[in-house]
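Note sheet for the following structure.
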Amino acid sequence: MKVVAFNGSPKKEGNTFQLISSVAAELSKEGIEVEIIHVGASVVRGCIACGMCGKNQNGKCIINDDVNGWIEKMKEADGVILGSPTYFSGVNGTMKAFLDRAFFVSGMNGNYLRHKVGTAVVAVRRSGGIPTWHELNNYLMYTEMFIPTSNYWNVVHGRVPGETLQDEEGQQIVRVLGKNMAFLMKSVNLGKENMKVPEKEAKAFTHFIR
């Protein structure tokens with residue numbers, strides 16, 4: 001099994017990377033391969049709401065940049081980790097631009113993320129980590145992904161690179177998360193082999209303008 005992790009921080013090996021690496025270490029112990037992709041230093045344009053991914057039905061965004069390659073990585077993986085620093089109590093801009101496009105493409109192309117295992121980790125200096133974590137979870141829940149838990153919310157404190165390693169409770173959080181993610185991935189795999197997978201329903205779209 002394989003997990004693809006996306007580091008939304010502009011710092012390649014900063015605190016967000018350290019959190020992802022701590023989760024990855026536990027997954028590796030269970031024989032699960034982890035690939036970390038550095039999103040945060042790339043130039044990523046946001047979704048332009050053109051709807052062409054739905055019209056073309058080719059599993060790609062019409063904007064030709066790194067995002068389509070990352071989408072392919074998500075399609076191939078059994079699990080996904082989303083990692084972001086906290087910018088004004090939210091996901092940083094580059095990461096959000098990527099996620100808006102990747103998850104919309106999934107939703108418009110048969111939902112290739114459905115029933116994969118996905119989780120999110122957040123690095124924060126002081127406050128705003130919980131709203132950022134909730135924002136990342138919104139993507140996972142929209143696509144019917146299975147979300148493993150830890151023994152607290154997946155937010156770890158640190159300012160300069162490496163300080164999250166000093167957050168003892170935070171390191172336990174991501175360690176437990178990695179163990180639970182590995183268990184859930186293996187459980188989902190067994191379930192797909194031995195049980196009937198719930199039938200996917202066609203998405204109902206409504207609005208409230210009369």
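In the structure tokens, each chain is lettered A, B, ... as it comes, each chain's residues begin at 1, and ligands are numbered from 1 in order of appearance.
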
*Might you pull out every residue within 6 Å of range 29-39 of chain A, with only C-alpha atoms counted and same-chain residues fewer than 4 positions away left off, and present them as a ChimeraX atom specification?*
/A:1-8

Can you write out the residues you just picked, keeping all heavy atoms, as a PDB file, in the first residue's frame?
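Resulting contents of again.pdb:
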ATOM      1  N   MET A   1       0.836  -1.198   0.000  1.00  0.00           N
ATOM      2  CA  MET A   1       0.000   0.000   0.000  1.00  0.00           C
ATOM      3  C   MET A   1       0.870   1.248   0.000  1.00  0.00           C
ATOM      4  O   MET A   1       2.027   1.213   0.444  1.00  0.00           O
ATOM      5  CB  MET A   1      -0.933  -0.009   1.212  1.00  0.00           C
ATOM      6  CG  MET A   1      -2.057  -1.018   1.104  1.00  0.00           C
ATOM      7  SD  MET A   1      -3.245  -0.882   2.462  1.00  0.00           S
ATOM      8  CE  MET A   1      -2.269  -1.574   3.780  1.00  0.00           C
ATOM      9  N   LYS A   2       0.265   2.342  -0.482  1.00  0.00           N
ATOM     10  CA  LYS A   2       1.033   3.570  -0.630  1.00  0.00           C
ATOM     11  C   LYS A   2       0.218   4.776  -0.188  1.00  0.00           C
ATOM     12  O   LYS A   2      -0.990   4.851  -0.411  1.00  0.00           O
ATOM     13  CB  LYS A   2       1.468   3.757  -2.089  1.00  0.00           C
ATOM     14  CG  LYS A   2       2.307   5.006  -2.328  1.00  0.00           C
ATOM     15  CD  LYS A   2       2.808   5.118  -3.748  1.00  0.00           C
ATOM     16  CE  LYS A   2       3.645   6.379  -3.920  1.00  0.00           C
ATOM     17  NZ  LYS A   2       4.167   6.516  -5.310  1.00  0.00           N
ATOM     18  N   VAL A   3       0.930   5.718   0.420  1.00  0.00           N
ATOM     19  CA  VAL A   3       0.345   6.995   0.822  1.00  0.00           C
ATOM     20  C   VAL A   3       1.100   8.116   0.114  1.00  0.00           C
ATOM     21  O   VAL A   3       2.330   8.076   0.005  1.00  0.00           O
ATOM     22  CB  VAL A   3       0.442   7.192   2.354  1.00  0.00           C
ATOM     23  CG1 VAL A   3       0.156   8.643   2.742  1.00  0.00           C
ATOM     24  CG2 VAL A   3      -0.515   6.260   3.071  1.00  0.00           C
ATOM     25  N   VAL A   4       0.369   9.109  -0.372  1.00  0.00           N
ATOM     26  CA  VAL A   4       0.991  10.308  -0.906  1.00  0.00           C
ATOM     27  C   VAL A   4       0.665  11.455   0.042  1.00  0.00           C
ATOM     28  O   VAL A   4      -0.489  11.632   0.445  1.00  0.00           O
ATOM     29  CB  VAL A   4       0.533  10.621  -2.353  1.00  0.00           C
ATOM     30  CG1 VAL A   4      -0.968  10.841  -2.440  1.00  0.00           C
ATOM     31  CG2 VAL A   4       1.278  11.829  -2.905  1.00  0.00           C
ATOM     32  N   ALA A   5       1.689  12.197   0.444  1.00  0.00           N
ATOM     33  CA  ALA A   5       1.529  13.297   1.387  1.00  0.00           C
ATOM     34  C   ALA A   5       1.895  14.610   0.711  1.00  0.00           C
ATOM     35  O   ALA A   5       2.877  14.682  -0.039  1.00  0.00           O
ATOM     36  CB  ALA A   5       2.412  13.071   2.614  1.00  0.00           C
ATOM     37  N   PHE A   6       1.111  15.635   0.978  1.00  0.00           N
ATOM     38  CA  PHE A   6       1.334  16.936   0.357  1.00  0.00           C
ATOM     39  C   PHE A   6       1.715  17.960   1.419  1.00  0.00           C
ATOM     40  O   PHE A   6       0.947  18.237   2.338  1.00  0.00           O
ATOM     41  CB  PHE A   6       0.085  17.390  -0.396  1.00  0.00           C
ATOM     42  CG  PHE A   6      -0.257  16.493  -1.555  1.00  0.00           C
ATOM     43  CD1 PHE A   6      -1.205  15.490  -1.414  1.00  0.00           C
ATOM     44  CD2 PHE A   6       0.390  16.636  -2.773  1.00  0.00           C
ATOM     45  CE1 PHE A   6      -1.515  14.645  -2.477  1.00  0.00           C
ATOM     46  CE2 PHE A   6       0.093  15.794  -3.838  1.00  0.00           C
ATOM     47  CZ  PHE A   6      -0.867  14.806  -3.689  1.00  0.00           C
ATOM     48  N   ASN A   7       2.921  18.495   1.272  1.00  0.00           N
ATOM     49  CA  ASN A   7       3.444  19.503   2.192  1.00  0.00           C
ATOM     50  C   ASN A   7       3.124  20.881   1.627  1.00  0.00           C
ATOM     51  O   ASN A   7       3.739  21.322   0.662  1.00  0.00           O
ATOM     52  CB  ASN A   7       4.955  19.301   2.358  1.00  0.00           C
ATOM     53  CG  ASN A   7       5.599  20.393   3.185  1.00  0.00           C
ATOM     54  OD1 ASN A   7       4.922  21.178   3.844  1.00  0.00           O
ATOM     55  ND2 ASN A   7       6.926  20.460   3.152  1.00  0.00           N
ATOM     56  N   GLY A   8       2.160  21.569   2.240  1.00  0.00           N
ATOM     57  CA  GLY A   8       1.745  22.866   1.734  1.00  0.00           C
ATOM     58  C   GLY A   8       2.630  24.024   2.133  1.00  0.00           C
ATOM     59  O   GLY A   8       2.447  25.138   1.647  1.00  0.00           O
TER      60      GLY A   8
END

Using only C-alpha atoms, which residues sit within 10 Å of Lys203 in chain A once same-chain residues fewer than 3 positions away are excluded, as a PDB file with N, CA and C atoms, in the first residue's frame?
ATOM      1  N   GLY A 107     -14.364  15.176  -7.743  1.00  0.00           N
ATOM      2  CA  GLY A 107     -15.815  15.173  -7.659  1.00  0.00           C
ATOM      3  C   GLY A 107     -16.508  15.172  -9.002  1.00  0.00           C
ATOM      4  N   MET A 108     -15.884  15.773 -10.001  1.00  0.00           N
ATOM      5  CA  MET A 108     -16.487  15.867 -11.334  1.00  0.00           C
ATOM      6  C   MET A 108     -16.109  14.709 -12.235  1.00  0.00           C
ATOM      7  N   GLY A 110     -16.096  11.120 -11.248  1.00  0.00           N
ATOM      8  CA  GLY A 110     -16.384   9.830 -10.633  1.00  0.00           C
ATOM      9  C   GLY A 110     -15.893   9.657  -9.213  1.00  0.00           C
ATOM     10  N   LYS A 200     -22.333   3.581  -4.596  1.00  0.00           N
ATOM     11  CA  LYS A 200     -22.184   5.033  -4.701  1.00  0.00           C
ATOM     12  C   LYS A 200     -23.452   5.647  -5.265  1.00  0.00           C
ATOM     13  N   THR A 206     -28.539  20.880  -5.309  1.00  0.00           N
ATOM     14  CA  THR A 206     -29.705  21.734  -5.112  1.00  0.00           C
ATOM     15  C   THR A 206     -29.258  23.164  -4.829  1.00  0.00           C
TER      16      THR A 206
END

*asked:* Which residue is closest to Asn92 in chain A? Choose from A:Ala123, A:Val117, A:Ala24, A:Ile62 and count only C-alpha atoms.
replied: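 Answer, going by the shortest atom-to-atom distance: A:Ala123.
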
*For Leu177 in chain A, work out the shell of residues within 7 Å, counting only C-alpha atoms and skipping chain neighbours fewer than 2 positions away, then give it as a VMD selection string.*
chain A and resid 23 148 to 150 173 to 175 179 to 181

Keeping only C-alpha atoms, write the selected residues as a tab-separated table (two decimals), in the first residue's frame.
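Written output follows (part-v3.tsv):
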chain	number	residue	atom	x	y	z
A	23	VAL	CA	3.18	10.18	10.57
A	148	PRO	CA	-8.35	8.17	11.03
A	149	THR	CA	-8.23	9.86	14.41
A	150	SER	CA	-5.59	10.42	17.07
A	173	ILE	CA	-0.59	13.08	18.45
A	174	VAL	CA	1.05	12.52	15.05
A	175	ARG	CA	2.63	9.26	16.21
A	179	LYS	CA	-0.49	4.04	13.83
A	180	ASN	CA	-4.24	4.51	13.49
A	181	MET	CA	-3.94	5.45	9.83

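Considering only C-alpha atoms, the residue among A:Val176, A:Leu82, A:Val105, A:Leu27 positioned nearest to Ile63 in chain A is A:Val105.
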
*With only C-alpha atoms as the atoms that count, which of A:Ala102, A:Glu144, A:Phe17, A:Phe205 lies nearest to Gly69 in chain A?*
A:Ala102

*Counting only C-alpha atoms, figure out which residue out of A:Lys12, A:Glu26, A:Lys96, A:Val155 gets nearest to Val122 in chain A.*
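Looking only at the distances to Val122 in chain A, the closest residue turns out to be A:Val155.
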
*Using DSSP on the backbone, list every residue of chain A that comes out as strand (DSSP E), and give them as a PyMOL selection string.*
chain A and resi 2-7+33-38+79-87+90-91+117-124+155-157

_Would you pick out the contacts of Phe88 in chain A at 10 Å or less, using only C-alpha atoms, so that residues sharing its chain but fewer than 4 positions from it are not included, and give the list as a list in words?_
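Counting only C-alpha atoms, the residues come to Asn92, Ser127, Gly128, Gly129, Pro131 and Thr132 of chain A.
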
_Calculated over only C-alpha atoms, which of the candidates A:His157, A:Asp78, A:Gly46, A:Glu193 has the smallest distance to Gly93 in chain A?_
A:Gly46

*Which one is closest to Lys73 in chain A: A:Leu113, A:Val44, A:Ala25, A:Met145? Count only C-alpha atoms.*
A:Leu113

*What lies within 12 Å of Glu199 in chain A using only C-alpha atoms, ignoring chain neighbours under 3 positions off, as a ChimeraX atom specification?*
/A:114-115,195-196,202

Selected residues written out, all heavy atoms, as a PDB file, in the first residue's frame:
ATOM      1  N   ARG A 114     -12.937   8.473  -3.336  1.00  0.00           N
ATOM      2  CA  ARG A 114     -13.923   7.812  -2.477  1.00  0.00           C
ATOM      3  C   ARG A 114     -13.360   6.519  -1.876  1.00  0.00           C
ATOM      4  O   ARG A 114     -12.801   5.682  -2.565  1.00  0.00           O
ATOM      5  CB  ARG A 114     -15.183   7.502  -3.292  1.00  0.00           C
ATOM      6  CG  ARG A 114     -16.308   6.860  -2.485  1.00  0.00           C
ATOM      7  CD  ARG A 114     -17.542   6.695  -3.358  1.00  0.00           C
ATOM      8  NE  ARG A 114     -18.685   6.217  -2.596  1.00  0.00           N
ATOM      9  CZ  ARG A 114     -19.088   4.950  -2.571  1.00  0.00           C
ATOM     10  NH1 ARG A 114     -18.446   4.029  -3.294  1.00  0.00           N
ATOM     11  NH2 ARG A 114     -20.121   4.602  -1.845  1.00  0.00           N
ATOM     12  N   HIS A 115     -13.504   6.391  -0.567  1.00  0.00           N
ATOM     13  CA  HIS A 115     -13.106   5.224   0.221  1.00  0.00           C
ATOM     14  C   HIS A 115     -11.599   5.029   0.301  1.00  0.00           C
ATOM     15  O   HIS A 115     -11.133   3.954   0.693  1.00  0.00           O
ATOM     16  CB  HIS A 115     -13.791   3.951  -0.278  1.00  0.00           C
ATOM     17  CG  HIS A 115     -15.257   3.948   0.017  1.00  0.00           C
ATOM     18  ND1 HIS A 115     -16.088   2.918  -0.380  1.00  0.00           N
ATOM     19  CD2 HIS A 115     -16.066   4.837   0.657  1.00  0.00           C
ATOM     20  CE1 HIS A 115     -17.322   3.179   0.012  1.00  0.00           C
ATOM     21  NE2 HIS A 115     -17.337   4.345   0.639  1.00  0.00           N
ATOM     22  N   MET A 195     -16.053  -7.783   1.863  1.00  0.00           N
ATOM     23  CA  MET A 195     -17.396  -7.267   2.090  1.00  0.00           C
ATOM     24  C   MET A 195     -17.888  -6.502   0.871  1.00  0.00           C
ATOM     25  O   MET A 195     -17.096  -6.055   0.046  1.00  0.00           O
ATOM     26  CB  MET A 195     -17.421  -6.345   3.318  1.00  0.00           C
ATOM     27  CG  MET A 195     -17.021  -7.013   4.618  1.00  0.00           C
ATOM     28  SD  MET A 195     -16.854  -5.821   5.972  1.00  0.00           S
ATOM     29  CE  MET A 195     -18.525  -5.196   6.067  1.00  0.00           C
ATOM     30  N   LYS A 196     -19.183  -6.342   0.796  1.00  0.00           N
ATOM     31  CA  LYS A 196     -19.766  -5.559  -0.282  1.00  0.00           C
ATOM     32  C   LYS A 196     -19.540  -4.077  -0.016  1.00  0.00           C
ATOM     33  O   LYS A 196     -19.891  -3.571   1.047  1.00  0.00           O
ATOM     34  CB  LYS A 196     -21.260  -5.855  -0.396  1.00  0.00           C
ATOM     35  CG  LYS A 196     -21.941  -5.103  -1.533  1.00  0.00           C
ATOM     36  CD  LYS A 196     -23.426  -5.425  -1.587  1.00  0.00           C
ATOM     37  CE  LYS A 196     -24.099  -4.637  -2.705  1.00  0.00           C
ATOM     38  NZ  LYS A 196     -25.567  -4.915  -2.751  1.00  0.00           N
ATOM     39  N   ALA A 202     -25.482   8.832  -7.030  1.00  0.00           N
ATOM     40  CA  ALA A 202     -25.245  10.009  -7.859  1.00  0.00           C
ATOM     41  C   ALA A 202     -25.441  11.259  -7.006  1.00  0.00           C
ATOM     42  O   ALA A 202     -26.374  11.338  -6.207  1.00  0.00           O
ATOM     43  CB  ALA A 202     -26.202  10.030  -9.041  1.00  0.00           C
TER      44      ALA A 202
END
